[in-house]
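Chemist: Quick one: the structure is below, and I'll ask about it shortly.
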Amino acid sequence: MWQLLAATCWMLLLGPVYGCHKKGSTTNPEANMNISQIISYWGYPYEKYDVVTEDGYILGIYRIPHGRGCPKTAPKPVVYLQHGLVASASNWICNLPNNSLAFLLADVGYDVWLGNSRGNTFSRKHLKFSPKSPEFWAFSLDEMAKYDLPATINFIIEKTRQEQLYYVGHSQGTTIGFIAFSTNPELAKRIKIFFALAPVTTVKYTQSPMKKLTNLSRKAVKSRLDVYFAQSSAGTSVQTMLHWAQAVNSGQFQAFDWGNPDQNMKHFHQLTPPLYNVSNMEVPTAVWSGGQDCVADLKDVENLLPTITRLIYYKLIPHYNHVDFYLGQDAPVEIYQDLIRMVEEWL
């Protein structure tokens, strides 16, 4: 179901342009590459690791330890990037190096890590369950926040021997960050700054799924359509999509409703799914939102901001839609330079 939805959104948006290319006439070679290949193609070093979560999922994560021509010497500050819904770590490297956040961070001297949520193309293994089994897909945002983020962040902390890292999330990457850091105080202590791009908690004012990507700027993507299209959808569970549907219907930021009181009691020890309270999070947080964002609607963002206890920065970018935060050609000026400045100030 999610594949059909995601593919339809991208085809409706990009079809007339993408369809004009003949088969085999791809302009950009990265359109046919995986994450490792893209990183290597641009001349950056990479490392790949498998992280095993407490409930048995095997997550594929990537590391760019330093920039081009900058051999690693002393330990560098760690920046972790977490993608959004039906996406993957490739979002952070699908533009040219001077426009991709992962490459920019590596070039200015940081140890960059790219996460992949359970169920996407790069995290589709489990110690016990096959992806062909329904048990494998019995997860939503709750499990990503409860298991994926702690396993990944703790792995990075142990590997790098750093006490803290900087967390950058886009869309759903912010959602699971808000859940994890407000419910897991020990994990929250590992985060130096939470950078939230197009933050999503409640989706009371979001528009219908078929409208979510229709404002994507043609100007921003016309030179790299093949790369964006090839890297656009990496997958998730139907249960995750249902969780989002529940959020739209309820207008609340809460755990997945399992459908009956007995199941909710089994998972949450209460009859109804608990609400997530962002105000319990004590992590310094910087937020960027878009005035044309149909997913992270400005009204929802405005309701979120007062609940962030340690809001250190906020910027509204009036012309930005939901994917401009990583596809926008002016993202380095609108977002990344200030993000890097804040990292430098908090070292």
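Residue numbers start at 1 in each chain; chains themselves are named A, B, ... in the order of the structure tokens; ligands are numbered from 1 in the order shown.
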For Phe139 in chain A, list every protein, DNA or RNA residue within 9 Å, evaluated using only C-alpha atoms, and leave out those in the same chain fewer than 5 positions away; present the list as a list in words.

Modeler: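 The residues satisfying every condition are Arg118, Gly119, Met144, Ser237, Val238, Gln239 and Thr240 of chain A.
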
Chemist: DSSP on the backbone, then: every residue of range 67-314 of chain A marked helix (DSSP H, G or I), written as number ranges by chain.

Modeler: A: 89-93, 101-107, 141-160, 172-183, 185-188, 209-211, 218-221, 225-231, 238-250, 261-268, 278-280, 298-307

Chemist: Write out, as a tab-separated table, each residue of range 139-199 of chain A that has an atom at most 12 Å from range 52-68 of chain A, together with the closest pair of atoms and their distance in Å to one decimal, counting only C-alpha atoms, rows going by chain and rising number.

Modeler:
residue	atom	partner	partner_atom	distance
A:Phe139	CA	A:Asp55	CA	10.7
A:Glu143	CA	A:Asp55	CA	8.9
A:Met144	CA	A:Thr53	CA	9.7
A:Ala145	CA	A:Thr53	CA	11.1
A:Lys146	CA	A:Glu54	CA	9.3
A:Tyr147	CA	A:Thr53	CA	5.8
A:Asp148	CA	A:Thr53	CA	6.1
A:Leu149	CA	A:Thr53	CA	8.9
A:Pro150	CA	A:Thr53	CA	8.2
A:Ala151	CA	A:Thr53	CA	5.4
A:Thr152	CA	A:Thr53	CA	8.0
A:Ile153	CA	A:Ile61	CA	10.6
A:Asn154	CA	A:Thr53	CA	10.5
A:Phe155	CA	A:Val52	CA	9.3
A:Ile156	CA	A:Arg63	CA	9.5
A:Lys159	CA	A:Arg63	CA	10.9
A:Thr160	CA	A:Pro65	CA	10.0

Chemist: Near Gln37 in chain A, within 12 Å and counting only C-alpha atoms, which residues show up once chain neighbours fewer than 4 positions away are dropped, as a PDB file with N, CA, C and O atoms, in the first residue's frame?

Modeler:
ATOM      1  N   PRO A  29      24.572   9.278 -13.133  1.00  0.00           N
ATOM      2  CA  PRO A  29      24.851   7.879 -12.797  1.00  0.00           C
ATOM      3  C   PRO A  29      24.409   7.483 -11.405  1.00  0.00           C
ATOM      4  O   PRO A  29      24.152   6.305 -11.146  1.00  0.00           O
ATOM      5  N   GLU A  30      24.285   8.449 -10.467  1.00  0.00           N
ATOM      6  CA  GLU A  30      23.893   8.107  -9.094  1.00  0.00           C
ATOM      7  C   GLU A  30      22.493   7.522  -9.016  1.00  0.00           C
ATOM      8  O   GLU A  30      22.134   6.894  -8.010  1.00  0.00           O
ATOM      9  N   ALA A  31      21.692   7.741 -10.074  1.00  0.00           N
ATOM     10  CA  ALA A  31      20.327   7.219 -10.061  1.00  0.00           C
ATOM     11  C   ALA A  31      20.317   5.696  -9.966  1.00  0.00           C
ATOM     12  O   ALA A  31      19.338   5.106  -9.511  1.00  0.00           O
ATOM     13  N   ASN A  32      21.392   5.067 -10.379  1.00  0.00           N
ATOM     14  CA  ASN A  32      21.481   3.606 -10.346  1.00  0.00           C
ATOM     15  C   ASN A  32      22.398   3.103  -9.239  1.00  0.00           C
ATOM     16  O   ASN A  32      22.825   1.959  -9.256  1.00  0.00           O
ATOM     17  N   MET A  33      22.708   3.953  -8.279  1.00  0.00           N
ATOM     18  CA  MET A  33      23.652   3.589  -7.215  1.00  0.00           C
ATOM     19  C   MET A  33      22.954   3.435  -5.873  1.00  0.00           C
ATOM     20  O   MET A  33      21.915   4.050  -5.622  1.00  0.00           O
ATOM     21  N   TYR A  41      31.373   7.562  -5.096  1.00  0.00           N
ATOM     22  CA  TYR A  41      31.370   8.253  -6.385  1.00  0.00           C
ATOM     23  C   TYR A  41      31.868   9.691  -6.236  1.00  0.00           C
ATOM     24  O   TYR A  41      32.601  10.203  -7.095  1.00  0.00           O
ATOM     25  N   TRP A  42      31.497  10.334  -5.136  1.00  0.00           N
ATOM     26  CA  TRP A  42      31.898  11.720  -4.927  1.00  0.00           C
ATOM     27  C   TRP A  42      33.227  11.844  -4.202  1.00  0.00           C
ATOM     28  O   TRP A  42      33.656  12.949  -3.846  1.00  0.00           O
ATOM     29  N   GLY A  43      33.890  10.725  -3.969  1.00  0.00           N
ATOM     30  CA  GLY A  43      35.245  10.771  -3.421  1.00  0.00           C
ATOM     31  C   GLY A  43      35.341  10.812  -1.914  1.00  0.00           C
ATOM     32  O   GLY A  43      36.395  11.156  -1.365  1.00  0.00           O
ATOM     33  N   TYR A  44      34.257  10.422  -1.220  1.00  0.00           N
ATOM     34  CA  TYR A  44      34.270  10.427   0.239  1.00  0.00           C
ATOM     35  C   TYR A  44      34.474   9.015   0.774  1.00  0.00           C
ATOM     36  O   TYR A  44      34.044   8.036   0.151  1.00  0.00           O
ATOM     37  N   PRO A  45      35.107   8.899   1.922  1.00  0.00           N
ATOM     38  CA  PRO A  45      35.238   7.579   2.551  1.00  0.00           C
ATOM     39  C   PRO A  45      33.915   7.205   3.209  1.00  0.00           C
ATOM     40  O   PRO A  45      33.115   8.088   3.558  1.00  0.00           O
ATOM     41  N   TYR A  46      33.668   5.916   3.373  1.00  0.00           N
ATOM     42  CA  TYR A  46      32.459   5.506   4.083  1.00  0.00           C
ATOM     43  C   TYR A  46      32.710   4.206   4.827  1.00  0.00           C
ATOM     44  O   TYR A  46      33.608   3.431   4.515  1.00  0.00           O
ATOM     45  N   GLU A  47      31.905   3.988   5.842  1.00  0.00           N
ATOM     46  CA  GLU A  47      31.869   2.732   6.578  1.00  0.00           C
ATOM     47  C   GLU A  47      30.415   2.331   6.731  1.00  0.00           C
ATOM     48  O   GLU A  47      29.546   3.187   6.877  1.00  0.00           O
ATOM     49  N   LYS A  48      30.148   1.044   6.674  1.00  0.00           N
ATOM     50  CA  LYS A  48      28.780   0.547   6.842  1.00  0.00           C
ATOM     51  C   LYS A  48      28.743  -0.408   8.021  1.00  0.00           C
ATOM     52  O   LYS A  48      29.635  -1.250   8.177  1.00  0.00           O
ATOM     53  N   TYR A  62      25.276   4.105   8.011  1.00  0.00           N
ATOM     54  CA  TYR A  62      26.462   4.508   7.249  1.00  0.00           C
ATOM     55  C   TYR A  62      27.206   5.622   7.968  1.00  0.00           C
ATOM     56  O   TYR A  62      26.618   6.417   8.688  1.00  0.00           O
ATOM     57  N   SER A  90      19.759   7.989   1.960  1.00  0.00           N
ATOM     58  CA  SER A  90      20.148   8.573   0.677  1.00  0.00           C
ATOM     59  C   SER A  90      19.639  10.001   0.505  1.00  0.00           C
ATOM     60  O   SER A  90      20.179  10.768  -0.293  1.00  0.00           O
ATOM     61  N   ILE A  93      22.324  12.670   0.735  1.00  0.00           N
ATOM     62  CA  ILE A  93      23.440  12.679  -0.213  1.00  0.00           C
ATOM     63  C   ILE A  93      22.966  12.703  -1.665  1.00  0.00           C
ATOM     64  O   ILE A  93      23.760  12.460  -2.573  1.00  0.00           O
ATOM     65  N   CYS A  94      21.686  12.981  -1.900  1.00  0.00           N
ATOM     66  CA  CYS A  94      21.170  12.879  -3.269  1.00  0.00           C
ATOM     67  C   CYS A  94      21.366  14.149  -4.084  1.00  0.00           C
ATOM     68  O   CYS A  94      21.114  14.152  -5.287  1.00  0.00           O
TER      69      CYS A  94
END

Chemist: Considering only C-alpha atoms, return as a list in words whatever protein or nucleic-acid residues lie within 9 Å of Thr236 in chain A, sequence-local ones (same chain, fewer than 2 positions apart) excluded.

Modeler: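 Counting only the stated atoms, we get Trp2, Gln3, Leu85, Val86, Ala87, Ser117, Arg118, Gly119, Asn120, Thr121, Trp137, Ser140, Ala234, Val238, Gln239, Thr240 and Met241 of chain A.
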
Chemist: Using the selection just defined, write its residues with C-alpha atoms as a short mmCIF file (atom, residue, chain, number, x, y, z; two decimals), in the first residue's frame.

Modeler:
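Saved to selection04.cif:
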data_model
loop_
_atom_site.label_atom_id
_atom_site.label_comp_id
_atom_site.auth_asym_id
_atom_site.auth_seq_id
_atom_site.Cartn_x
_atom_site.Cartn_y
_atom_site.Cartn_z
CA TRP A 2 2.74 2.47 0.98
CA GLN A 3 4.62 1.64 -2.23
CA LEU A 85 8.76 8.76 6.06
CA VAL A 86 9.25 6.11 3.34
CA ALA A 87 12.74 7.48 2.84
CA SER A 117 14.69 3.13 10.07
CA ARG A 118 13.45 -0.46 10.29
CA GLY A 119 11.68 -1.73 7.22
CA ASN A 120 13.31 0.50 4.65
CA THR A 121 15.52 -0.80 1.84
CA TRP A 137 6.03 -5.55 9.73
CA SER A 140 5.16 1.88 13.68
CA ALA A 234 12.64 3.19 0.50
CA VAL A 238 1.51 -0.40 6.57
CA GLN A 239 1.19 -0.05 10.35
CA THR A 240 3.35 3.07 10.18
CA MET A 241 1.04 4.53 7.56
#

Chemist: Choose the residue, out of A:Ser123, A:Asn95, A:Thr307, A:Gln207, that has the smallest atom-to-atom separation from Tyr276 in chain A; count only C-alpha atoms.

Modeler: A:Thr307

Chemist: Could you write out, as a VMD selection string, all the residues of range 39-138 of chain A that DSSP marks as strand (DSSP E or B)?

Modeler: chain A and resid 47 to 52 57 to 64 78 to 82 111 to 114 125 to 126

Chemist: Please provide as a VMD selection string all residues within 8 Å of Ala247 in chain A, with the sequence filter that same-chain residues fewer than 4 positions apart are discarded (counting only C-alpha atoms).

Modeler: chain A and resid 202 to 204 243 251 to 254

Chemist: Given the selection you just returned, output its residues as a file containing all heavy atoms, formatted as a JSON list (two decimals), in the first residue's frame.

Modeler:
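Result written to result.json:
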[["chain", "number", "residue", "atom", "x", "y", "z"],
["A", 202, "THR", "N", 1.97, 16.66, 15.77],
["A", 202, "THR", "CA", 0.58, 16.55, 15.35],
["A", 202, "THR", "C", 0.47, 16.85, 13.87],
["A", 202, "THR", "O", 1.30, 17.59, 13.31],
["A", 202, "THR", "CB", -0.31, 17.54, 16.12],
["A", 202, "THR", "OG1", 0.13, 18.88, 15.85],
["A", 202, "THR", "CG2", -0.24, 17.27, 17.63],
["A", 203, "VAL", "N", -0.53, 16.26, 13.22],
["A", 203, "VAL", "CA", -0.78, 16.53, 11.80],
["A", 203, "VAL", "C", -2.25, 16.89, 11.61],
["A", 203, "VAL", "O", -2.90, 16.45, 10.67],
["A", 203, "VAL", "CB", -0.38, 15.33, 10.92],
["A", 203, "VAL", "CG1", 1.11, 15.28, 10.71],
["A", 203, "VAL", "CG2", -0.86, 14.00, 11.51],
["A", 204, "LYS", "N", -2.75, 17.69, 12.52],
["A", 204, "LYS", "CA", -4.16, 18.10, 12.48],
["A", 204, "LYS", "C", -4.49, 18.88, 11.22],
["A", 204, "LYS", "O", -5.59, 18.78, 10.68],
["A", 204, "LYS", "CB", -4.48, 18.93, 13.73],
["A", 204, "LYS", "CG", -5.92, 19.37, 13.85],
["A", 204, "LYS", "CD", -6.15, 20.13, 15.14],
["A", 204, "LYS", "CE", -7.61, 20.55, 15.28],
["A", 204, "LYS", "NZ", -7.85, 21.29, 16.55],
["A", 243, "HIS", "N", -0.55, 4.51, 11.54],
["A", 243, "HIS", "CA", -0.24, 5.38, 12.67],
["A", 243, "HIS", "C", -0.39, 6.84, 12.26],
["A", 243, "HIS", "O", -0.98, 7.66, 12.99],
["A", 243, "HIS", "CB", 1.17, 5.09, 13.18],
["A", 243, "HIS", "CG", 1.44, 5.63, 14.55],
["A", 243, "HIS", "ND1", 2.54, 5.26, 15.30],
["A", 243, "HIS", "CD2", 0.78, 6.54, 15.32],
["A", 243, "HIS", "CE1", 2.52, 5.88, 16.46],
["A", 243, "HIS", "NE2", 1.47, 6.69, 16.49],
["A", 251, "GLY", "N", -5.74, 14.30, 15.63],
["A", 251, "GLY", "CA", -5.12, 15.59, 15.90],
["A", 251, "GLY", "C", -4.20, 15.56, 17.10],
["A", 251, "GLY", "O", -3.74, 16.60, 17.57],
["A", 252, "GLN", "N", -3.89, 14.34, 17.60],
["A", 252, "GLN", "CA", -3.08, 14.17, 18.80],
["A", 252, "GLN", "C", -1.71, 13.60, 18.45],
["A", 252, "GLN", "O", -1.53, 12.95, 17.43],
["A", 252, "GLN", "CB", -3.77, 13.23, 19.79],
["A", 252, "GLN", "CG", -5.15, 13.67, 20.23],
["A", 252, "GLN", "CD", -5.11, 14.87, 21.16],
["A", 252, "GLN", "OE1", -4.12, 15.07, 21.88],
["A", 252, "GLN", "NE2", -6.16, 15.66, 21.17],
["A", 253, "PHE", "N", -0.75, 13.84, 19.33],
["A", 253, "PHE", "CA", 0.57, 13.22, 19.22],
["A", 253, "PHE", "C", 0.59, 12.07, 20.21],
["A", 253, "PHE", "O", 0.82, 12.28, 21.41],
["A", 253, "PHE", "CB", 1.65, 14.25, 19.54],
["A", 253, "PHE", "CG", 3.07, 13.77, 19.30],
["A", 253, "PHE", "CD1", 3.38, 12.91, 18.26],
["A", 253, "PHE", "CD2", 4.11, 14.22, 20.11],
["A", 253, "PHE", "CE1", 4.68, 12.49, 18.04],
["A", 253, "PHE", "CE2", 5.42, 13.81, 19.90],
["A", 253, "PHE", "CZ", 5.70, 12.95, 18.86],
["A", 254, "GLN", "N", 0.29, 10.87, 19.72],
["A", 254, "GLN", "CA", 0.15, 9.74, 20.63],
["A", 254, "GLN", "C", 0.60, 8.44, 19.99],
["A", 254, "GLN", "O", 0.83, 8.36, 18.78],
["A", 254, "GLN", "CB", -1.29, 9.60, 21.10],
["A", 254, "GLN", "CG", -2.29, 9.27, 20.01],
["A", 254, "GLN", "CD", -3.72, 9.28, 20.50],
["A", 254, "GLN", "OE1", -4.63, 9.71, 19.79],
["A", 254, "GLN", "NE2", -3.95, 8.81, 21.72]]

Chemist: Extract, using only C-alpha atoms, all DNA, RNA and protein residues at most 8 Å from range 278-284 of chain A, discarding same-chain residues fewer than 6 positions from it, and format them as a list in words.

Modeler: Phe178, Ile179, Phe181, Ser182, Thr183, Pro185, Ala188, Lys189, Ile191, Lys192, Ile193, Phe194, Thr307, Ile308, Thr309, Arg310, Leu311 and Ile312 of chain A

Chemist: For the selection you just gave me, I'd like the residues written to a file as a short mmCIF file (atom, residue, chain, number, x, y, z; two decimals), in the first residue's frame, keeping all heavy atoms.

Modeler:
data_model
loop_
_atom_site.label_atom_id
_atom_site.label_comp_id
_atom_site.auth_asym_id
_atom_site.auth_seq_id
_atom_site.Cartn_x
_atom_site.Cartn_y
_atom_site.Cartn_z
N PHE A 178 11.35 13.42 18.79
CA PHE A 178 10.53 14.00 19.85
C PHE A 178 9.99 12.91 20.79
O PHE A 178 9.94 13.10 22.01
CB PHE A 178 9.37 14.80 19.26
CG PHE A 178 9.75 16.15 18.75
CD1 PHE A 178 9.60 16.49 17.40
CD2 PHE A 178 10.26 17.11 19.61
CE1 PHE A 178 9.95 17.73 16.93
CE2 PHE A 178 10.62 18.38 19.15
CZ PHE A 178 10.47 18.69 17.81
N ILE A 179 9.60 11.78 20.22
CA ILE A 179 9.10 10.68 21.06
C ILE A 179 10.22 10.14 21.94
O ILE A 179 10.08 10.02 23.16
CB ILE A 179 8.52 9.54 20.19
CG1 ILE A 179 7.30 10.01 19.41
CG2 ILE A 179 8.15 8.33 21.07
CD1 ILE A 179 6.78 8.99 18.40
N PHE A 181 13.25 11.33 22.78
CA PHE A 181 13.93 12.22 23.72
C PHE A 181 13.01 12.73 24.84
O PHE A 181 13.50 13.21 25.86
CB PHE A 181 14.56 13.40 22.98
CG PHE A 181 15.46 12.98 21.84
CD1 PHE A 181 15.56 13.74 20.68
CD2 PHE A 181 16.20 11.80 21.92
CE1 PHE A 181 16.39 13.36 19.63
CE2 PHE A 181 17.03 11.40 20.87
CZ PHE A 181 17.12 12.18 19.73
N SER A 182 11.69 12.60 24.65
CA SER A 182 10.76 13.00 25.70
C SER A 182 10.38 11.83 26.62
O SER A 182 9.87 12.05 27.71
CB SER A 182 9.49 13.60 25.10
OG SER A 182 8.78 12.65 24.32
N THR A 183 10.64 10.60 26.17
CA THR A 183 10.28 9.42 26.97
C THR A 183 11.48 8.67 27.52
O THR A 183 11.34 7.82 28.39
CB THR A 183 9.43 8.44 26.14
OG1 THR A 183 10.18 8.02 24.98
CG2 THR A 183 8.12 9.07 25.69
N PRO A 185 14.90 9.73 29.07
CA PRO A 185 15.82 10.77 29.55
C PRO A 185 17.29 10.42 29.40
O PRO A 185 18.11 11.31 29.13
CB PRO A 185 15.44 10.92 31.04
CG PRO A 185 14.05 10.40 31.14
CD PRO A 185 13.96 9.31 30.13
N ALA A 188 18.19 11.07 25.89
CA ALA A 188 18.18 12.50 25.65
C ALA A 188 19.49 13.15 26.09
O ALA A 188 19.94 14.13 25.48
CB ALA A 188 17.00 13.15 26.39
N LYS A 189 20.12 12.61 27.13
CA LYS A 189 21.39 13.16 27.60
C LYS A 189 22.51 12.98 26.58
O LYS A 189 23.54 13.65 26.66
CB LYS A 189 21.80 12.48 28.91
CG LYS A 189 20.89 12.82 30.09
CD LYS A 189 21.31 12.03 31.33
CE LYS A 189 20.37 12.32 32.50
NZ LYS A 189 20.72 11.51 33.70
N ILE A 191 22.21 13.72 23.47
CA ILE A 191 21.99 14.65 22.36
C ILE A 191 22.41 16.06 22.76
O ILE A 191 21.87 16.65 23.69
CB ILE A 191 20.50 14.65 21.93
CG1 ILE A 191 20.00 13.22 21.71
CG2 ILE A 191 20.32 15.50 20.69
CD1 ILE A 191 20.79 12.43 20.69
N LYS A 192 23.36 16.60 22.03
CA LYS A 192 23.85 17.95 22.34
C LYS A 192 22.88 19.00 21.82
O LYS A 192 22.53 19.95 22.53
CB LYS A 192 25.24 18.14 21.74
CG LYS A 192 26.06 19.20 22.44
CD LYS A 192 27.55 18.99 22.19
CE LYS A 192 28.38 19.88 23.10
NZ LYS A 192 29.83 19.68 22.89
N ILE A 193 22.48 18.88 20.55
CA ILE A 193 21.44 19.73 19.97
C ILE A 193 20.58 18.86 19.05
O ILE A 193 21.08 18.00 18.33
CB ILE A 193 22.01 20.89 19.14
CG1 ILE A 193 22.94 21.79 19.97
CG2 ILE A 193 20.87 21.75 18.57
CD1 ILE A 193 23.53 22.95 19.18
N PHE A 194 19.28 19.08 19.09
CA PHE A 194 18.33 18.43 18.20
C PHE A 194 17.96 19.45 17.13
O PHE A 194 17.33 20.47 17.40
CB PHE A 194 17.11 18.01 19.03
CG PHE A 194 15.96 17.39 18.27
CD1 PHE A 194 16.04 17.07 16.92
CD2 PHE A 194 14.77 17.11 18.93
CE1 PHE A 194 14.98 16.49 16.25
CE2 PHE A 194 13.70 16.54 18.29
CZ PHE A 194 13.80 16.23 16.94
N THR A 307 5.70 24.08 23.15
CA THR A 307 5.90 22.89 23.99
C THR A 307 7.36 22.47 24.06
O THR A 307 7.71 21.58 24.85
CB THR A 307 5.07 21.70 23.46
OG1 THR A 307 5.61 21.24 22.21
CG2 THR A 307 3.62 22.10 23.26
N ILE A 308 8.22 23.08 23.24
CA ILE A 308 9.64 22.74 23.25
C ILE A 308 10.31 23.54 24.36
O ILE A 308 10.49 24.76 24.26
CB ILE A 308 10.30 23.04 21.89
CG1 ILE A 308 9.61 22.23 20.78
CG2 ILE A 308 11.79 22.70 21.94
CD1 ILE A 308 10.12 22.53 19.38
N THR A 309 10.69 22.87 25.42
CA THR A 309 11.20 23.52 26.62
C THR A 309 12.47 24.33 26.38
O THR A 309 12.63 25.42 26.93
CB THR A 309 11.46 22.46 27.70
OG1 THR A 309 10.27 21.70 27.92
CG2 THR A 309 11.90 23.10 29.01
N ARG A 310 13.36 23.80 25.54
CA ARG A 310 14.64 24.48 25.30
C ARG A 310 14.80 24.82 23.82
O ARG A 310 15.70 24.36 23.15
CB ARG A 310 15.80 23.62 25.79
CG ARG A 310 15.77 23.33 27.29
CD ARG A 310 17.02 22.59 27.74
NE ARG A 310 18.22 23.42 27.57
CZ ARG A 310 19.46 22.97 27.74
NH1 ARG A 310 19.66 21.69 28.09
NH2 ARG A 310 20.50 23.77 27.57
N LEU A 311 13.88 25.63 23.33
CA LEU A 311 13.94 26.08 21.94
C LEU A 311 15.02 27.15 21.83
O LEU A 311 14.88 28.24 22.40
CB LEU A 311 12.58 26.63 21.51
CG LEU A 311 12.48 27.10 20.05
CD1 LEU A 311 12.63 25.91 19.09
CD2 LEU A 311 11.15 27.81 19.81
N ILE A 312 16.09 26.85 21.10
CA ILE A 312 17.22 27.78 21.01
C ILE A 312 17.24 28.56 19.70
O ILE A 312 17.99 29.53 19.55
CB ILE A 312 18.56 27.05 21.19
CG1 ILE A 312 18.77 26.01 20.09
CG2 ILE A 312 18.64 26.42 22.57
CD1 ILE A 312 20.15 25.38 20.07
#

Chemist: Report, in Å with one decimal, the straight-line distance from CA of Asp293 in chain A to CA of Pro97 in chain A.

Modeler: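 The value is 24.8 Å.
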
Chemist: Just to confirm, what's the straight-line distance from CA of Cys294 in chain A to CA of Asp257 in chain A in Å (one decimal)?

Modeler: 24.4 Å

Chemist: Considering only C-alpha atoms, can you say which of A:Gly169, A:Gly109, A:Gly328, A:Pro261 comes closest to Val78 in chain A?

Modeler: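 Closest to Val78 in chain A, using only C-alpha atoms: A:Gly109.
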
Chemist: Take CA of Phe136 in chain A and CA of Gln270 in chain A and report the distance between them in Å, one decimal.

Modeler: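 The value is 24.4 Å.
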
Chemist: With a distance cut-off of 10 Å and only C-alpha atoms, select the neighbouring residues of Thr272 in chain A, excluding the residue or stretch itself and same-chain residues fewer than 4 positions from it, and output the selection as a PDB file with N, CA, C and O atoms, in the first residue's frame.

Modeler:
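Result saved to around_21.pdb:
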ATOM      1  N   GLN A 254       0.290  10.869  19.724  1.00  0.00           N
ATOM      2  CA  GLN A 254       0.152   9.744  20.631  1.00  0.00           C
ATOM      3  C   GLN A 254       0.598   8.441  19.989  1.00  0.00           C
ATOM      4  O   GLN A 254       0.826   8.355  18.782  1.00  0.00           O
ATOM      5  N   ALA A 255       0.734   7.420  20.809  1.00  0.00           N
ATOM      6  CA  ALA A 255       1.177   6.110  20.356  1.00  0.00           C
ATOM      7  C   ALA A 255       0.125   5.451  19.456  1.00  0.00           C
ATOM      8  O   ALA A 255      -1.022   5.900  19.389  1.00  0.00           O
ATOM      9  N   PHE A 256       0.536   4.394  18.793  1.00  0.00           N
ATOM     10  CA  PHE A 256      -0.334   3.662  17.875  1.00  0.00           C
ATOM     11  C   PHE A 256      -1.483   2.997  18.621  1.00  0.00           C
ATOM     12  O   PHE A 256      -1.291   2.354  19.656  1.00  0.00           O
ATOM     13  N   ASP A 257      -2.684   3.181  18.114  1.00  0.00           N
ATOM     14  CA  ASP A 257      -3.861   2.537  18.690  1.00  0.00           C
ATOM     15  C   ASP A 257      -4.017   1.153  18.072  1.00  0.00           C
ATOM     16  O   ASP A 257      -4.256   1.031  16.871  1.00  0.00           O
ATOM     17  N   TRP A 258      -3.860   0.115  18.882  1.00  0.00           N
ATOM     18  CA  TRP A 258      -3.898  -1.252  18.388  1.00  0.00           C
ATOM     19  C   TRP A 258      -5.306  -1.750  18.079  1.00  0.00           C
ATOM     20  O   TRP A 258      -5.471  -2.886  17.637  1.00  0.00           O
ATOM     21  N   GLY A 259      -6.287  -0.929  18.309  1.00  0.00           N
ATOM     22  CA  GLY A 259      -7.621  -1.264  17.835  1.00  0.00           C
ATOM     23  C   GLY A 259      -8.598  -1.787  18.858  1.00  0.00           C
ATOM     24  O   GLY A 259      -9.801  -1.796  18.615  1.00  0.00           O
ATOM     25  N   ASN A 260      -8.095  -2.248  19.998  1.00  0.00           N
ATOM     26  CA  ASN A 260      -9.001  -2.679  21.058  1.00  0.00           C
ATOM     27  C   ASN A 260      -8.303  -2.526  22.407  1.00  0.00           C
ATOM     28  O   ASN A 260      -7.069  -2.521  22.483  1.00  0.00           O
ATOM     29  N   PRO A 261      -9.090  -2.386  23.457  1.00  0.00           N
ATOM     30  CA  PRO A 261      -8.514  -2.124  24.787  1.00  0.00           C
ATOM     31  C   PRO A 261      -7.551  -3.199  25.263  1.00  0.00           C
ATOM     32  O   PRO A 261      -6.548  -2.886  25.921  1.00  0.00           O
ATOM     33  N   ASP A 262      -7.827  -4.461  24.920  1.00  0.00           N
ATOM     34  CA  ASP A 262      -6.947  -5.546  25.373  1.00  0.00           C
ATOM     35  C   ASP A 262      -5.555  -5.424  24.772  1.00  0.00           C
ATOM     36  O   ASP A 262      -4.542  -5.590  25.468  1.00  0.00           O
ATOM     37  N   GLN A 263      -5.501  -5.140  23.476  1.00  0.00           N
ATOM     38  CA  GLN A 263      -4.203  -4.987  22.821  1.00  0.00           C
ATOM     39  C   GLN A 263      -3.478  -3.744  23.330  1.00  0.00           C
ATOM     40  O   GLN A 263      -2.265  -3.763  23.542  1.00  0.00           O
ATOM     41  N   ASN A 264      -4.209  -2.663  23.527  1.00  0.00           N
ATOM     42  CA  ASN A 264      -3.585  -1.454  24.078  1.00  0.00           C
ATOM     43  C   ASN A 264      -3.053  -1.708  25.479  1.00  0.00           C
ATOM     44  O   ASN A 264      -1.968  -1.237  25.841  1.00  0.00           O
ATOM     45  N   MET A 265      -3.805  -2.453  26.275  1.00  0.00           N
ATOM     46  CA  MET A 265      -3.355  -2.784  27.629  1.00  0.00           C
ATOM     47  C   MET A 265      -2.076  -3.617  27.572  1.00  0.00           C
ATOM     48  O   MET A 265      -1.146  -3.416  28.365  1.00  0.00           O
ATOM     49  N   HIS A 267       0.246  -3.566  25.268  1.00  0.00           N
ATOM     50  CA  HIS A 267       1.396  -2.783  24.813  1.00  0.00           C
ATOM     51  C   HIS A 267       1.716  -1.588  25.712  1.00  0.00           C
ATOM     52  O   HIS A 267       2.878  -1.200  25.842  1.00  0.00           O
ATOM     53  N   PHE A 268       0.664  -0.986  26.311  1.00  0.00           N
ATOM     54  CA  PHE A 268       0.887   0.266  27.035  1.00  0.00           C
ATOM     55  C   PHE A 268       0.485   0.215  28.506  1.00  0.00           C
ATOM     56  O   PHE A 268       0.659   1.195  29.225  1.00  0.00           O
TER      57      PHE A 268
END
